[in-house]
file work_17.json (JSON, C-alpha atoms and all ligand atoms)
[["chain", "number", "residue", "atom", "x", "y", "z"],
["A", 1, "MET", "CA", -64.79, -201.36, 15.52],
["A", 2, "SER", "CA", -63.30, -197.90, 15.54],
["A", 3, "GLY", "CA", -65.27, -195.38, 13.52],
["A", 4, "ARG", "CA", -63.56, -193.36, 10.84],
["A", 5, "ILE", "CA", -63.90, -189.66, 11.35],
["A", 6, "ILE", "CA", -65.22, -187.85, 8.27],
["A", 7, "ASP", "CA", -63.14, -184.74, 7.66],
["A", 8, "GLY", "CA", -65.71, -182.14, 6.60],
["A", 9, "THR", "CA", -63.11, -179.39, 6.56],
["A", 10, "ALA", "CA", -60.98, -181.22, 3.97],
["A", 11, "LEU", "CA", -63.98, -182.22, 1.84],
["A", 12, "ALA", "CA", -65.29, -178.63, 1.92],
["A", 13, "ARG", "CA", -61.84, -177.34, 0.89],
["A", 14, "ARG", "CA", -61.82, -179.66, -2.14],
["A", 15, "ILE", "CA", -65.32, -178.53, -3.14],
["A", 16, "ARG", "CA", -64.40, -174.83, -2.75],
["A", 17, "GLN", "CA", -61.36, -175.45, -4.97],
["A", 18, "GLU", "CA", -63.61, -177.02, -7.64],
["A", 19, "VAL", "CA", -66.03, -174.09, -7.38],
["A", 20, "LYS", "CA", -63.12, -171.64, -7.67],
["A", 21, "GLU", "CA", -61.97, -173.27, -10.93],
["A", 22, "GLN", "CA", -65.53, -173.17, -12.26],
["A", 23, "VAL", "CA", -65.97, -169.53, -11.19],
["A", 24, "ASP", "CA", -62.78, -168.69, -13.13],
["A", 25, "ALA", "CA", -64.23, -170.41, -16.20],
["A", 26, "PHE", "CA", -67.57, -168.62, -15.74],
["A", 27, "ARG", "CA", -65.77, -165.27, -15.53],
["A", 28, "ARG", "CA", -63.93, -165.99, -18.78],
["A", 29, "ASP", "CA", -67.10, -167.10, -20.58],
["A", 30, "ALA", "CA", -69.64, -164.63, -19.19],
["A", 31, "GLY", "CA", -67.34, -161.66, -18.63],
["A", 32, "ARG", "CA", -68.59, -161.17, -15.06],
["A", 33, "VAL", "CA", -68.33, -162.79, -11.65],
["A", 34, "PRO", "CA", -71.18, -164.41, -9.70],
["A", 35, "GLY", "CA", -72.68, -162.14, -7.03],
["A", 36, "LEU", "CA", -74.16, -163.09, -3.66],
["A", 37, "ALA", "CA", -76.22, -160.66, -1.56],
["A", 38, "VAL", "CA", -76.33, -161.49, 2.15],
["A", 39, "VAL", "CA", -79.13, -159.98, 4.20],
["A", 40, "LEU", "CA", -78.41, -159.77, 7.92],
["A", 41, "VAL", "CA", -80.97, -158.24, 10.28],
["A", 42, "GLY", "CA", -79.97, -157.41, 13.84],
["A", 43, "ASP", "CA", -76.87, -158.29, 15.83],
["A", 44, "ASP", "CA", -77.16, -161.96, 16.73],
["A", 45, "PRO", "CA", -73.51, -162.90, 17.41],
["A", 46, "ALA", "CA", -73.77, -166.42, 15.93],
["A", 47, "SER", "CA", -75.38, -165.05, 12.75],
["A", 48, "GLN", "CA", -72.59, -162.49, 12.43],
["A", 49, "VAL", "CA", -69.99, -165.26, 12.62],
["A", 50, "TYR", "CA", -71.84, -167.36, 10.02],
["A", 51, "VAL", "CA", -72.18, -164.39, 7.67],
["A", 52, "ARG", "CA", -68.47, -163.55, 7.98],
["A", 53, "THR", "CA", -67.58, -167.17, 7.25],
["A", 54, "LYS", "CA", -69.77, -167.15, 4.13],
["A", 55, "GLU", "CA", -68.27, -163.86, 2.93],
["A", 56, "ARG", "CA", -64.74, -165.17, 3.46],
["A", 57, "ALA", "CA", -65.58, -168.26, 1.40],
["A", 58, "CYS", "CA", -66.98, -166.03, -1.37],
["A", 59, "GLY", "CA", -63.70, -164.10, -1.45],
["A", 60, "GLU", "CA", -61.73, -167.31, -1.65],
["A", 61, "VAL", "CA", -63.63, -168.76, -4.63],
["A", 62, "GLY", "CA", -64.02, -165.47, -6.53],
["A", 63, "ILE", "CA", -67.71, -164.75, -5.85],
["A", 64, "ARG", "CA", -68.47, -161.09, -5.17],
["A", 65, "SER", "CA", -70.43, -160.78, -1.92],
["A", 66, "GLN", "CA", -72.34, -157.76, -0.72],
["A", 67, "ARG", "CA", -73.69, -157.47, 2.80],
["A", 68, "HIS", "CA", -76.95, -155.68, 3.57],
["A", 69, "HIS", "CA", -77.14, -155.15, 7.30],
["A", 70, "LEU", "CA", -80.39, -153.82, 8.74],
["A", 71, "PRO", "CA", -80.88, -152.92, 12.41],
["A", 72, "GLY", "CA", -82.67, -155.32, 14.74],
["A", 73, "ASP", "CA", -85.73, -153.05, 14.83],
["A", 74, "ALA", "CA", -86.15, -153.02, 11.03],
["A", 75, "THR", "CA", -89.78, -153.47, 9.98],
["A", 76, "GLN", "CA", -91.21, -156.30, 7.93],
["A", 77, "LYS", "CA", -91.79, -153.79, 5.10],
["A", 78, "GLU", "CA", -88.17, -152.60, 5.16],
["A", 79, "VAL", "CA", -86.79, -156.13, 4.95],
["A", 80, "LEU", "CA", -89.28, -157.06, 2.23],
["A", 81, "GLU", "CA", -88.39, -154.00, 0.16],
["A", 82, "LEU", "CA", -84.68, -154.77, 0.46],
["A", 83, "VAL", "CA", -85.18, -158.38, -0.67],
["A", 84, "GLU", "CA", -87.48, -157.34, -3.51],
["A", 85, "GLY", "CA", -84.90, -154.78, -4.67],
["A", 86, "LEU", "CA", -82.15, -157.42, -4.67],
["A", 87, "GLY", "CA", -84.48, -159.68, -6.62],
["A", 88, "LYS", "CA", -84.55, -157.10, -9.42],
["A", 89, "ASP", "CA", -80.82, -156.27, -9.25],
["A", 90, "ASP", "CA", -79.08, -157.81, -12.28],
["A", 91, "THR", "CA", -75.70, -157.94, -10.54],
["A", 92, "VAL", "CA", -77.11, -160.25, -7.86],
["A", 93, "ASP", "CA", -77.24, -163.97, -8.67],
["A", 94, "GLY", "CA", -77.98, -165.27, -5.20],
["A", 95, "ILE", "CA", -79.81, -163.88, -2.17],
["A", 96, "LEU", "CA", -79.33, -165.26, 1.32],
["A", 97, "VAL", "CA", -81.43, -164.06, 4.24],
["A", 98, "GLN", "CA", -79.56, -165.12, 7.36],
["A", 99, "LEU", "CA", -81.85, -166.88, 9.85],
["A", 100, "PRO", "CA", -83.10, -166.57, 12.50],
["A", 101, "LEU", "CA", -84.64, -163.15, 11.92],
["A", 102, "PRO", "CA", -85.27, -161.01, 15.02],
["A", 103, "ARG", "CA", -88.52, -161.62, 16.89],
["A", 104, "GLY", "CA", -91.33, -159.58, 15.40],
["A", 105, "LEU", "CA", -90.41, -160.35, 11.80],
["A", 106, "ASP", "CA", -92.29, -163.08, 9.97],
["A", 107, "PRO", "CA", -89.67, -165.03, 7.99],
["A", 108, "GLN", "CA", -92.06, -166.70, 5.57],
["A", 109, "PRO", "CA", -93.15, -163.71, 3.41],
["A", 110, "ILE", "CA", -89.52, -162.57, 3.37],
["A", 111, "LEU", "CA", -88.22, -165.93, 2.15],
["A", 112, "HIS", "CA", -91.07, -166.05, -0.39],
["A", 113, "ALA", "CA", -89.93, -162.67, -1.76],
["A", 114, "VAL", "CA", -86.60, -164.17, -2.92],
["A", 115, "PRO", "CA", -87.01, -165.07, -6.62],
["A", 116, "PRO", "CA", -86.67, -168.88, -6.88],
["A", 117, "ALA", "CA", -83.82, -168.49, -9.41],
["A", 118, "LYS", "CA", -81.81, -166.49, -6.82],
["A", 119, "ASP", "CA", -82.80, -168.64, -3.85],
["A", 120, "VAL", "CA", -79.33, -170.09, -3.10],
["A", 121, "ASP", "CA", -80.53, -171.33, 0.32],
["A", 122, "GLY", "CA", -83.24, -173.41, -1.35],
["A", 123, "PHE", "CA", -85.87, -172.24, 1.16],
["A", 124, "HIS", "CA", -88.44, -170.88, -1.30],
["A", 125, "PRO", "CA", -91.56, -173.07, -1.63],
["A", 126, "TYR", "CA", -90.87, -173.40, -5.37],
["A", 127, "ASN", "CA", -87.47, -175.01, -4.72],
["A", 128, "LEU", "CA", -88.79, -177.06, -1.80],
["A", 129, "GLY", "CA", -91.61, -178.19, -4.09],
["A", 130, "ARG", "CA", -89.20, -179.22, -6.82],
["A", 131, "LEU", "CA", -87.12, -181.07, -4.23],
["A", 132, "THR", "CA", -90.25, -182.90, -3.07],
["A", 133, "GLU", "CA", -91.43, -183.67, -6.58],
["A", 134, "SER", "CA", -88.25, -184.82, -8.26],
["A", 135, "GLY", "CA", -85.19, -184.02, -6.18],
["A", 136, "GLU", "CA", -84.39, -181.14, -8.54],
["A", 137, "GLY", "CA", -84.23, -177.40, -7.93],
["A", 138, "ILE", "CA", -81.77, -175.66, -5.62],
["A", 139, "HIS", "CA", -81.16, -177.80, -2.52],
["A", 140, "PRO", "CA", -80.83, -176.30, 0.97],
["A", 141, "CYS", "CA", -77.11, -176.06, 1.73],
["A", 142, "THR", "CA", -76.91, -178.07, 4.94],
["A", 143, "ALA", "CA", -78.98, -180.94, 3.55],
["A", 144, "ALA", "CA", -76.83, -180.98, 0.40],
["A", 145, "GLY", "CA", -73.71, -181.00, 2.59],
["A", 146, "VAL", "CA", -75.02, -183.92, 4.62],
["A", 147, "MET", "CA", -75.51, -185.93, 1.42],
["A", 148, "GLU", "CA", -71.96, -185.14, 0.22],
["A", 149, "LEU", "CA", -70.58, -186.26, 3.59],
["A", 150, "ILE", "CA", -72.49, -189.55, 3.42],
["A", 151, "ARG", "CA", -71.40, -190.11, -0.20],
["A", 152, "SER", "CA", -67.77, -189.39, 0.73],
["A", 153, "THR", "CA", -67.75, -192.57, 2.85],
["A", 154, "GLY", "CA", -68.45, -194.75, -0.19],
["A", 155, "VAL", "CA", -71.29, -196.42, 1.75],
["A", 156, "GLU", "CA", -74.22, -197.23, -0.55],
["A", 157, "ILE", "CA", -77.35, -195.25, 0.43],
["A", 158, "GLU", "CA", -79.87, -197.21, -1.63],
["A", 159, "GLY", "CA", -81.88, -199.68, 0.43],
["A", 160, "LYS", "CA", -80.43, -198.49, 3.75],
["A", 161, "ARG", "CA", -82.43, -197.42, 6.75],
["A", 162, "ALA", "CA", -81.89, -193.75, 7.48],
["A", 163, "VAL", "CA", -83.12, -191.94, 10.56],
["A", 164, "VAL", "CA", -83.24, -188.14, 10.48],
["A", 165, "ILE", "CA", -83.74, -186.56, 13.90],
["A", 166, "GLY", "CA", -85.30, -183.12, 13.47],
["A", 167, "ARG", "CA", -88.00, -181.89, 11.12],
["A", 168, "SER", "CA", -87.02, -178.30, 10.36],
["A", 169, "THR", "CA", -87.56, -176.88, 6.90],
["A", 170, "ILE", "CA", -83.90, -175.82, 6.82],
["A", 171, "VAL", "CA", -82.36, -179.22, 7.60],
["A", 172, "GLY", "CA", -84.54, -182.16, 8.67],
["A", 173, "LYS", "CA", -87.21, -182.17, 5.97],
["A", 174, "PRO", "CA", -84.92, -181.49, 2.97],
["A", 175, "THR", "CA", -82.36, -184.04, 4.21],
["A", 176, "ALA", "CA", -85.10, -186.67, 4.53],
["A", 177, "LEU", "CA", -86.25, -185.90, 0.98],
["A", 178, "LEU", "CA", -82.73, -186.12, -0.46],
["A", 179, "LEU", "CA", -82.20, -189.47, 1.28],
["A", 180, "LEU", "CA", -85.55, -190.65, -0.07],
["A", 181, "HIS", "CA", -84.53, -189.64, -3.61],
["A", 182, "ALA", "CA", -81.32, -191.64, -3.04],
["A", 183, "ASN", "CA", -83.57, -194.66, -2.30],
["A", 184, "ALA", "CA", -82.97, -194.93, 1.43],
["A", 185, "THR", "CA", -85.85, -196.00, 3.67],
["A", 186, "VAL", "CA", -86.30, -192.85, 5.72],
["A", 187, "THR", "CA", -87.75, -192.28, 9.17],
["A", 188, "VAL", "CA", -88.08, -188.70, 10.40],
["A", 189, "CYS", "CA", -87.98, -188.46, 14.20],
["A", 190, "HIS", "CA", -88.61, -185.36, 16.30],
["A", 191, "SER", "CA", -89.25, -184.09, 19.81],
["A", 192, "ARG", "CA", -92.53, -186.02, 20.10],
["A", 193, "THR", "CA", -91.18, -189.34, 18.80],
["A", 194, "ALA", "CA", -91.78, -192.20, 21.23],
["A", 195, "ASP", "CA", -88.71, -194.33, 21.96],
["A", 196, "LEU", "CA", -86.26, -192.44, 19.79],
["A", 197, "ALA", "CA", -83.45, -194.78, 20.86],
["A", 198, "ALA", "CA", -85.24, -197.75, 19.29],
["A", 199, "HIS", "CA", -85.46, -195.93, 15.95],
["A", 200, "VAL", "CA", -81.80, -194.92, 16.03],
["A", 201, "ARG", "CA", -80.71, -198.49, 16.90],
["A", 202, "GLU", "CA", -82.19, -199.68, 13.57],
["A", 203, "ALA", "CA", -80.48, -196.99, 11.49],
["A", 204, "ASP", "CA", -77.64, -197.58, 9.04],
["A", 205, "ILE", "CA", -77.49, -193.78, 8.55],
["A", 206, "VAL", "CA", -78.23, -191.32, 11.35],
["A", 207, "VAL", "CA", -78.56, -187.57, 10.76],
["A", 208, "ALA", "CA", -78.89, -185.65, 14.02],
["A", 209, "ALA", "CA", -80.34, -182.13, 13.74],
["A", 210, "VAL", "CA", -82.06, -181.54, 17.07],
["A", 211, "GLY", "CA", -80.06, -178.68, 18.58],
["A", 212, "ARG", "CA", -79.49, -180.38, 21.94],
["A", 213, "PRO", "CA", -75.94, -181.08, 23.11],
["A", 214, "ARG", "CA", -74.91, -184.78, 23.08],
["A", 215, "PHE", "CA", -78.56, -185.79, 22.90],
["A", 216, "VAL", "CA", -77.93, -188.92, 20.80],
["A", 217, "ARG", "CA", -76.10, -191.43, 22.95],
["A", 218, "GLY", "CA", -73.33, -193.71, 21.82],
["A", 219, "ASP", "CA", -75.17, -196.84, 22.92],
["A", 220, "TRP", "CA", -78.08, -195.96, 20.57],
["A", 221, "ILE", "CA", -75.84, -196.27, 17.51],
["A", 222, "LYS", "CA", -75.95, -199.44, 15.41],
["A", 223, "PRO", "CA", -72.41, -200.81, 14.96],
["A", 224, "GLY", "CA", -71.01, -199.61, 11.62],
["A", 225, "ALA", "CA", -73.62, -196.89, 11.06],
["A", 226, "VAL", "CA", -72.82, -193.61, 9.29],
["A", 227, "VAL", "CA", -73.45, -190.80, 11.79],
["A", 228, "ILE", "CA", -73.80, -187.21, 10.57],
["A", 229, "ASP", "CA", -74.02, -184.61, 13.33],
["A", 230, "VAL", "CA", -75.60, -181.32, 12.24],
["A", 231, "GLY", "CA", -75.74, -179.83, 15.75],
["A", 232, "ILE", "CA", -73.61, -176.89, 16.81],
["A", 233, "ASN", "CA", -74.14, -176.29, 20.53],
["A", 234, "ARG", "CA", -72.06, -174.00, 22.70],
["A", 235, "LEU", "CA", -71.35, -175.42, 26.15],
["A", 236, "ASP", "CA", -70.94, -173.37, 29.34],
["A", 237, "ASP", "CA", -67.14, -173.62, 29.01],
["A", 238, "GLY", "CA", -67.36, -172.01, 25.54],
["A", 239, "LYS", "CA", -66.53, -175.22, 23.66],
["A", 240, "LEU", "CA", -68.67, -176.43, 20.76],
["A", 241, "CYS", "CA", -70.30, -179.82, 20.69],
["A", 242, "GLY", "CA", -72.75, -181.62, 18.45],
["A", 243, "ASP", "CA", -76.08, -183.34, 19.00],
["A", 244, "VAL", "CA", -74.32, -186.71, 19.23],
["A", 245, "ASP", "CA", -72.21, -187.90, 22.16],
["A", 246, "PHE", "CA", -69.10, -188.10, 19.96],
["A", 247, "GLU", "CA", -66.89, -189.88, 22.49],
["A", 248, "GLY", "CA", -69.55, -192.52, 23.13],
["A", 249, "ALA", "CA", -70.43, -192.98, 19.43],
["A", 250, "LYS", "CA", -67.09, -192.83, 17.65],
["A", 251, "ASP", "CA", -66.01, -196.39, 18.42],
["A", 252, "VAL", "CA", -69.40, -197.86, 17.50],
["A", 253, "ALA", "CA", -70.11, -195.93, 14.29],
["A", 254, "GLY", "CA", -68.54, -196.94, 10.99],
["A", 255, "TYR", "CA", -68.14, -193.26, 10.09],
["A", 256, "ILE", "CA", -68.89, -190.15, 12.10],
["A", 257, "THR", "CA", -68.59, -186.38, 11.59],
["A", 258, "PRO", "CA", -66.92, -184.27, 14.29],
["A", 259, "VAL", "CA", -68.19, -180.91, 15.62],
["A", 260, "PRO", "CA", -66.65, -178.58, 14.66],
["A", 261, "GLY", "CA", -65.16, -179.69, 11.34],
["A", 262, "GLY", "CA", -68.00, -181.83, 9.99],
["A", 263, "VAL", "CA", -71.22, -180.41, 8.57],
["A", 264, "GLY", "CA", -70.47, -176.70, 9.23],
["A", 265, "PRO", "CA", -67.83, -176.16, 6.53],
["A", 266, "MET", "CA", -69.88, -178.23, 4.09],
["A", 267, "THR", "CA", -72.89, -175.90, 4.44],
["A", 268, "VAL", "CA", -70.71, -173.01, 3.32],
["A", 269, "ALA", "CA", -69.16, -174.98, 0.45],
["A", 270, "MET", "CA", -72.65, -175.91, -0.80],
["A", 271, "LEU", "CA", -73.66, -172.23, -0.69],
["A", 272, "MET", "CA", -70.72, -171.47, -2.99],
["A", 273, "ARG", "CA", -71.83, -174.24, -5.34],
["A", 274, "ASN", "CA", -75.45, -173.05, -5.32],
["A", 275, "THR", "CA", -74.41, -169.45, -6.03],
["A", 276, "LEU", "CA", -72.28, -170.50, -8.99],
["A", 277, "ALA", "CA", -75.15, -172.66, -10.28],
["A", 278, "ALA", "CA", -77.58, -169.73, -9.96],
["A", 279, "ALA", "CA", -75.16, -167.46, -11.86],
["A", 280, "ARG", "CA", -74.73, -170.04, -14.63],
["A", 281, "ALA", "CA", -78.50, -170.52, -14.94],
["A", 282, "ARG", "CA", -78.94, -166.73, -15.30],
["A", 283, "GLY", "CA", -76.08, -166.60, -17.86],
["B", 1, "LIG", "N1", -79.26, -170.12, 9.84],
["B", 1, "LIG", "C1", -78.86, -171.36, 10.19],
["B", 1, "LIG", "N2", -78.59, -172.09, 9.10],
["B", 1, "LIG", "C2", -78.82, -171.31, 8.04],
["B", 1, "LIG", "C3", -78.72, -171.50, 6.64],
["B", 1, "LIG", "O1", -78.36, -172.56, 6.12],
["B", 1, "LIG", "N3", -79.05, -170.44, 5.88],
["B", 1, "LIG", "C4", -79.47, -169.27, 6.41],
["B", 1, "LIG", "N4", -79.79, -168.30, 5.56],
["B", 1, "LIG", "N5", -79.58, -169.06, 7.69],
["B", 1, "LIG", "C5", -79.26, -170.07, 8.51]]

call {"tool": "encode", "arguments": {"input": "work_17.json", "output": "structure tokens"}}
result
Amino acid sequence: MSGRIIDGTALARRIRQEVKEQVDAFRRDAGRVPGLAVVLVGDDPASQVYVRTKERACGEVGIRSQRHHLPGDATQKEVLELVEGLGKDDTVDGILVQLPLPRGLDPQPILHAVPPAKDVDGFHPYNLGRLTESGEGIHPCTAAGVMELIRSTGVEIEGKRAVVIGRSTIVGKPTALLLLHANATVTVCHSRTADLAAHVREADIVVAAVGRPRFVRGDWIKPGAVVIDVGINRLDDGKLCGDVDFEGAKDVAGYITPVPGGVGPMTVAMLMRNTLAAARARG
């Protein structure tokens, strides 16, 4: 069997186009455009690239973005005051604090300072709580993108065995919860899991979010499985690769996402959707 490659770039483009049409309608109805505030602290090169990509997407769909860039030695108080100010700013519908924050800053109080209604990353405990309780609230962008990619295959999720590798609050845990709400039987694996390969071999759906290049081997994949690779790892030669050995897995999987061009663009598209939803909810 030769796996079909899921084109995340094309799917993300279609979603951005939908969001753009809905932003146009919102502007006509509400007489304003949705606004996203992006908080970037320090000069991490990868974070700068991600922030630029998000701002470009905002421009494309008609969302007004504003960047708030603080130096890497900004204090906890300074970041908190900035976020609290944006929380009160009526022109701001969504607030995104780009992670990771520089060492020395505690991300939790900062993420908790984002009002849940403006929490377009879905990282506030209120939104994570709603996700746990009922699957509602604002969903973290990458997890939401993973679900769209799985749904795009047409493969039924209900009743399937899903293995999520990684237990971060940003990706692993919310993805596991969304799969659970879609009635998959979900196993969450992590760095301490014994015999990871055995778990993956049973999985009809594999979501890899470990942050280790080509960690999931092709011969672990169950024939026909849907494989979603969240990893973005830079190799010594400068090339990007995922957490899955793509070459080894692509002929075994039923469907597989590439890196780049899989999950990455979907995360950004979901941020656009979440920002529009936050603007609509605020009116
Ligand atoms: N850093 C890595 N992924 C993300 C994300 O989805 N949102 C934010 N804010 N920071 C990140």

call {"tool": "closest_residue", "arguments": {"input": "work_17.json", "among": "A:Gly242, A:Gly87, A:Gly145, A:Pro223", "to": "ligand LIG 1 (chain B)", "atoms": "only C-alpha atoms and all ligand atoms"}}
result
A:Gly145

call {"tool": "closest_residue", "arguments": {"input": "work_17.json", "among": "A:Val38, A:Met147, A:Ile157, A:Ala208", "to": "ligand LIG 1 (chain B)", "atoms": "all atoms listed in the file"}}
result
A:Val38

call {"tool": "residues_near_ligand", "arguments": {"input": "work_17.json", "ligand": "ligand LIG 1 (chain B)", "cutoff": "6 Å", "atoms": "only C-alpha atoms and all ligand atoms", "output": "number ranges by chain"}}
result
A: 96-100, 121, 141-142

call {"tool": "closest_residue", "arguments": {"input": "work_17.json", "among": "A:Lys239, A:Arg56, A:Lys222, A:Arg280", "to": "Ala253 in chain A", "atoms": "all atoms listed in the file"}}
result
A:Lys222

call {"tool": "closest_residue", "arguments": {"input": "work_17.json", "among": "A:Tyr126, A:Ile15, A:Thr275, A:Leu105", "to": "Thr75 in chain A", "atoms": "only C-alpha atoms"}}
result
A:Leu105

call {"tool": "closest_residue", "arguments": {"input": "work_17.json", "among": "A:Met270, A:Ala277, A:Ile6, A:Gly218", "to": "Ala57 in chain A", "atoms": "only C-alpha atoms"}}
result
A:Met270

call {"tool": "closest_atom_pairs", "arguments": {"input": "work_17.json", "of": "range 90-160 of chain A", "to": "range 185-201 of chain A", "cutoff": "10 Å", "atoms": "only C-alpha atoms", "output": "tab-separated table"}}
result
residue	atom	partner	partner_atom	distance
A:Ile157	CA	A:Thr185	CA	9.1
A:Glu158	CA	A:Thr185	CA	8.1
A:Gly159	CA	A:Thr185	CA	6.3
A:Lys160	CA	A:Thr185	CA	6.0

call {"tool": "closest_residue", "arguments": {"input": "work_17.json", "among": "A:Gly211, A:Asn127, A:Val120, A:Ser134", "to": "Ser168 in chain A", "atoms": "only C-alpha atoms"}}
result
A:Gly211

call {"tool": "build_atoms", "arguments": {"input": "work_17.json", "residues": "range 239-246 of chain A", "atoms": "all heavy atoms", "output": "compact mmCIF listing (two decimals), in the coordinates of the input"}}
result
# COMPACT_ATOMS: atom_id res chain seq x y z
N LYS A 239 -66.85 -174.26 24.72
CA LYS A 239 -66.53 -175.22 23.66
C LYS A 239 -67.79 -175.56 22.85
O LYS A 239 -68.91 -175.47 23.36
CB LYS A 239 -65.97 -176.51 24.28
CG LYS A 239 -64.59 -176.33 24.89
CD LYS A 239 -63.87 -177.67 24.95
CE LYS A 239 -62.49 -177.51 25.56
NZ LYS A 239 -62.39 -178.11 26.89
N LEU A 240 -67.56 -176.00 21.60
CA LEU A 240 -68.67 -176.43 20.76
C LEU A 240 -68.84 -177.93 20.86
O LEU A 240 -67.86 -178.67 20.98
CB LEU A 240 -68.39 -176.07 19.30
CG LEU A 240 -68.36 -174.58 18.94
CD1 LEU A 240 -68.04 -174.40 17.46
CD2 LEU A 240 -69.67 -173.89 19.30
N CYS A 241 -70.08 -178.37 20.83
CA CYS A 241 -70.30 -179.82 20.69
C CYS A 241 -71.53 -180.06 19.83
O CYS A 241 -72.35 -179.15 19.61
CB CYS A 241 -70.40 -180.50 22.05
SG CYS A 241 -72.03 -180.44 22.77
N GLY A 242 -71.65 -181.28 19.35
CA GLY A 242 -72.75 -181.62 18.45
C GLY A 242 -73.96 -182.17 19.20
O GLY A 242 -74.04 -182.11 20.43
N ASP A 243 -74.89 -182.71 18.43
CA ASP A 243 -76.08 -183.34 19.00
C ASP A 243 -75.83 -184.79 19.37
O ASP A 243 -76.68 -185.44 19.97
CB ASP A 243 -77.22 -183.30 17.97
CG ASP A 243 -77.73 -181.90 17.71
OD1 ASP A 243 -77.39 -180.99 18.49
OD2 ASP A 243 -78.48 -181.71 16.73
N VAL A 244 -74.67 -185.31 18.96
CA VAL A 244 -74.32 -186.71 19.23
C VAL A 244 -73.21 -186.74 20.28
O VAL A 244 -72.31 -185.91 20.26
CB VAL A 244 -73.81 -187.40 17.94
CG1 VAL A 244 -73.40 -188.84 18.21
CG2 VAL A 244 -74.88 -187.34 16.84
N ASP A 245 -73.30 -187.69 21.20
CA ASP A 245 -72.21 -187.90 22.16
C ASP A 245 -71.04 -188.54 21.39
O ASP A 245 -70.98 -189.75 21.22
CB ASP A 245 -72.69 -188.82 23.28
CG ASP A 245 -71.54 -189.23 24.19
OD1 ASP A 245 -70.49 -188.55 24.18
OD2 ASP A 245 -71.69 -190.25 24.88
N PHE A 246 -70.17 -187.67 20.88
CA PHE A 246 -69.10 -188.10 19.96
C PHE A 246 -68.21 -189.17 20.61
O PHE A 246 -67.93 -190.21 19.99
CB PHE A 246 -68.26 -186.88 19.55
CG PHE A 246 -67.19 -187.19 18.55
CD1 PHE A 246 -67.49 -187.30 17.20
CD2 PHE A 246 -65.88 -187.38 18.95
CE1 PHE A 246 -66.51 -187.59 16.27
CE2 PHE A 246 -64.88 -187.68 18.02
CZ PHE A 246 -65.20 -187.78 16.69
